[in-house]
Structures are given as C-alpha cells and as structure tokens.
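Asks: Please see the structure below; I have some questions.
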Amino acid sequence: METRDDDGRDRPDDRDGRDGFEERAAPYRRELLTHCYRMLGSVHEAEDLVQETMLRAWLAYDRYDAARASLRTWLYRIATNTCLTALRGRARRPLPSGLVGALEDPGAPMTLGSEVPWLEPFPDRGATGLAFSAGATAGDPAGVVVARGSLRLALIAAMQLLPPRQRAVLILRDVLAWPATEVAEALGTSTASVNSALQRARARLGEAGLTEDEVTEPPDHEQRAVIDRYLRAFEDADLDALRTLLTRDVVLEMPPVLNWYVGPDAYVAFIARVFAMRGKDWRLRPTSANGQPALAAYVRAPGDDNHRLHTLQVFTADHGAVSHTVVFQLPTVFAAFGLPEIWES
C-alpha cells in the first residue's frame, strides 16, 4: 500500500528504515533552506540548520508515523524547532535602516557596524520552494502581504523585528498555509496561543510600515527594463541618467556600513562620492536575490589590470523606477552567491 506526500510523490508505508531516509528527504532540502532563511535572515546559518534538521530527522526516522503527518510536514516541524533553539539569546539580523536614522549628508564619514550580525540576501539560482500559497484571507491584509512576497528583502527585514516564536507562527500560517491546529502541535502550544501570536505578528508588521507594494513582485520584464537602464547609467557614470531612475523617496543602504540615505539627491550624491573614491571603470553583472533583481558590481582601480568584486546590489524596482537599493559588502554574501573575485567576461 502507498500514501502520498504533500507534493503528490508516492511514499510506501513500509519504509526501509533509515537507509531510505536521505532519498526521500532530499527533494525537500531546498525549501527547508528557504524556511530556515526566513527564520534567521542568514543563508550560511540556514544551511547549517538544514544540516542539523536532516541529522535530527534521520536519528528519529524509525519513530516517524506517516499516519500522523506527511514527511514534508514532519521535516518542517523539526526545522522550525531547530531554528527556534538556535535563535535563543541571539541578536536579530537588521538592515541599517532598522538600527539608526537616515543621514542627510552624503559626505558624512563612513561608520562600520562591524559587530552587527547583518541581514543577508538569499541567492535565487532558479530555486524551487520560493513561493507558497498562503492561508491569509481577505480580512487579513498583513497576511496577504506576507503571502505575496514571502522572500522579498523588505519582508525578511521586517520579520526580524518579531520575537522568534511569532516569526515562526507567521511563516507557518501565512507563508506555508498551515492550519492553526497544526502549528500549535508543531510548536507544542495551544491554538488560541497561535492565533494570538499571529495577530500580534501581523500588527507588528503593520507598525513597521510594510506595505503590499514593498513585497509584491512586479512583472519581470518591467524590473529587467529598469535595471538594464540602471546598469548602463552606472557603467557610463551618468549621474543624471541614474537620477531619472529613482523614486522621490528612494532608499540607499549598505551593510556593514551604518550610513543610509533617503531621496534621489542624497542617493546620487553618494554615488558621485563612490565614483570619486573608486574610479569610474565599473562592470556590472545581472543576477537575482530574494526574487528581486540584483547586480554584482566590479571596479578596476587605476593601475590594476582586473575589475575586482566590490558589492552585490539588490533592488526594489516598482512602477518603472528604483525605490530601494541595498548594497551588500559582506564576504559571507559573496560566498553564498558564488561570485568570483575577478570579473570574468
């Protein structure tokens, strides 16, 4: 006799013990990685916790009861609780805009937040498991926001404001569409507690000013057109052309630097500062992160024969313009995206 997993794969009831675990669990590894990333905001930490999840599941596999839960659901329970354990006593991972106020002077000294565990972007690489149907109803606007952009950088940053258990409830209910009773069983709590935590989590996202526009993905062709124009303007060091691609309230932030800016004047003035410091010989390669367009930026210093990796820039590009740019200068980010140190034509 056979039963079926959530994704429709046949699963024999008479499992062949731990020997068959890896083969059956492997298809879920990528989506478990996105789940752990949503919880922690770090790709490399999420990878470690997926490994721990798989080890815990393998050790407990002889006790897994297919009649109580599908393998996918069982693995998510283990992953969620593994993440909650890892988050005990750990600082949240913010962006600069979640820590300090915006600066008005683009020429202000650069202040490094070296001790901050910064939020990291998630490399798409054609991943599956990036989008899930949500359980949010029309009466739950914050839940609808979560449903439509479950990996958008703005949402992941906002989730970092939540206590870990509220974060877990929000993800399980509004991203994975689990019933409240199932979430309660996974977290060892009551349905009433789950509903209360979900209400508080949605309210906190509302207080953070997260809007549907910030997490709803516009059509790919619209984003590509804007970022293609941005790439050409940047490589040409054309500040006037860059300005035309920015919204009136555009945000520029650059972890691990604490400085961040609002508005096209400050944005363009800071880019002019970058050109003055680093030169104007840049090469940008398109990629994507968190389901959003991104550019890997390489610069050639005077006297150098090579363009060298400088930053990964992740864009929110809506309604034909850039409204938010996060420029990452973190070695862990470069490693997660597999970016070469030297520009390769």
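Order determines the names: the first chain of the structure tokens is A, the second B, and so forth; residues in each chain are numbered 1 upward, and ligands are numbered 1 upward as they are shown.
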Can you pull out every residue within 12 Å of A:Val250, counting only C-alpha atoms, but drop anything in the same chain fewer than 2 positions away, and send it as number ranges by chain?
Replies: A: 102, 242-248, 252-253, 260-268, 315-318, 321-326
Asks: Got a sec to tell me which of stretch 45-272 of chain A DSSP assigns to strand (DSSP E), as a list in words?
Replies: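 After running DSSP on the backbone, stretch 45-272 of chain A has strand (DSSP E) at Leu246, Thr247, Arg248, Asp249, Val250, Val251, Leu252, Glu253, Met254, Val257, Leu258, Asn259, Trp260, Tyr261 and Val262 of chain A.
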Asks: As a VMD selection string, list the residues of stretch 61-195 of chain A assigned to alpha helix (DSSP H) by DSSP on the backbone atoms of this structure.
Replies: chain A and resid 71 to 87 141 to 148 153 to 159 164 to 170 180 to 187 191 to 195
Asks: Since we have the selection now, will you write its residues out, keeping C-alpha atoms, as a compact mmCIF listing (two decimals), in the first residue's frame?
Replies:
# COMPACT_ATOMS: atom_id res chain seq x y z
CA LEU A 71 7.24 13.60 5.53
CA ARG A 72 7.31 17.22 4.38
CA THR A 73 5.25 18.41 7.33
CA TRP A 74 7.33 16.35 9.74
CA LEU A 75 10.57 17.86 8.39
CA TYR A 76 9.18 21.39 8.69
CA ARG A 77 8.30 20.76 12.33
CA ILE A 78 11.84 19.64 13.06
CA ALA A 79 13.35 22.55 11.10
CA THR A 80 11.16 25.13 12.84
CA ASN A 81 12.07 23.93 16.31
CA THR A 82 15.74 23.66 15.34
CA CYS A 83 15.60 27.32 14.28
CA LEU A 84 13.85 28.38 17.49
CA THR A 85 16.54 26.67 19.54
CA ALA A 86 19.27 28.38 17.53
CA LEU A 87 17.62 31.79 17.97
CA PRO A 141 -4.20 42.42 4.88
CA ALA A 142 -0.88 41.86 6.63
CA GLY A 143 -1.22 38.16 5.93
CA VAL A 144 -1.85 38.89 2.26
CA VAL A 145 1.35 40.97 2.18
CA VAL A 146 3.32 38.05 3.60
CA ALA A 147 1.72 35.64 1.15
CA ARG A 148 2.64 37.63 -1.94
CA LEU A 153 14.07 41.54 1.37
CA ALA A 154 11.75 44.14 2.93
CA LEU A 155 9.62 41.39 4.45
CA ILE A 156 12.58 39.38 5.73
CA ALA A 157 13.92 42.55 7.37
CA ALA A 158 10.53 43.28 8.94
CA MET A 159 10.28 39.72 10.23
CA PRO A 164 11.25 34.16 17.16
CA ARG A 165 8.02 32.29 18.07
CA GLN A 166 5.86 34.99 16.50
CA ARG A 167 8.10 34.78 13.42
CA ALA A 168 7.60 31.01 13.29
CA VAL A 169 3.82 31.32 13.61
CA LEU A 170 3.67 33.98 10.89
CA ALA A 180 -3.66 26.86 13.38
CA THR A 181 -4.14 23.44 14.95
CA GLU A 182 -1.17 22.04 13.03
CA VAL A 183 1.02 25.00 14.00
CA ALA A 184 0.03 24.53 17.64
CA GLU A 185 1.03 20.86 17.51
CA ALA A 186 4.36 21.68 15.87
CA LEU A 187 5.21 24.32 18.47
CA THR A 191 -4.48 27.01 19.03
CA ALA A 192 -5.50 30.11 20.98
CA SER A 193 -1.84 30.97 21.56
CA VAL A 194 -1.10 30.51 17.87
CA ASN A 195 -3.95 32.81 16.84
Asks: Find the residues near stretch 254-257 of chain A: any atom within 7 Å, counting only C-alpha atoms, skip ones fewer than 2 places away on the same chain, and give them as an NGL selection string.
Replies: :A and (95-96 or 110-114 or 118 or 252 or 259-260 or 326-330)
Asks: Please determine, counting only C-alpha atoms, which residue among A:Pro293, A:Gly149, A:Gly303, A:Pro94 has the shortest atom-to-atom distance to A:Leu162.
Replies: A:Pro94
Asks: Quick one: distance from atom CA of A:Arg18 to atom CA of A:Ala60 in Å, one decimal?
Replies: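 Atom-to-atom, atom CA of A:Arg18 and atom CA of A:Ala60 are spaced 8.9 Å apart.
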Asks: Kindly indicate which residue among A:Thr311, A:Ser150, A:Ser97, A:Gln51 lies nearest to A:Val251, using only C-alpha atoms for the distances.
Replies: A:Ser97
Asks: So what do you get for atom CA of A:Val314 versus atom CA of A:Ala289, distance-wise?
Replies: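 Value for the atom CA of A:Val314-atom CA of A:Ala289 distance: 6.7 Å.
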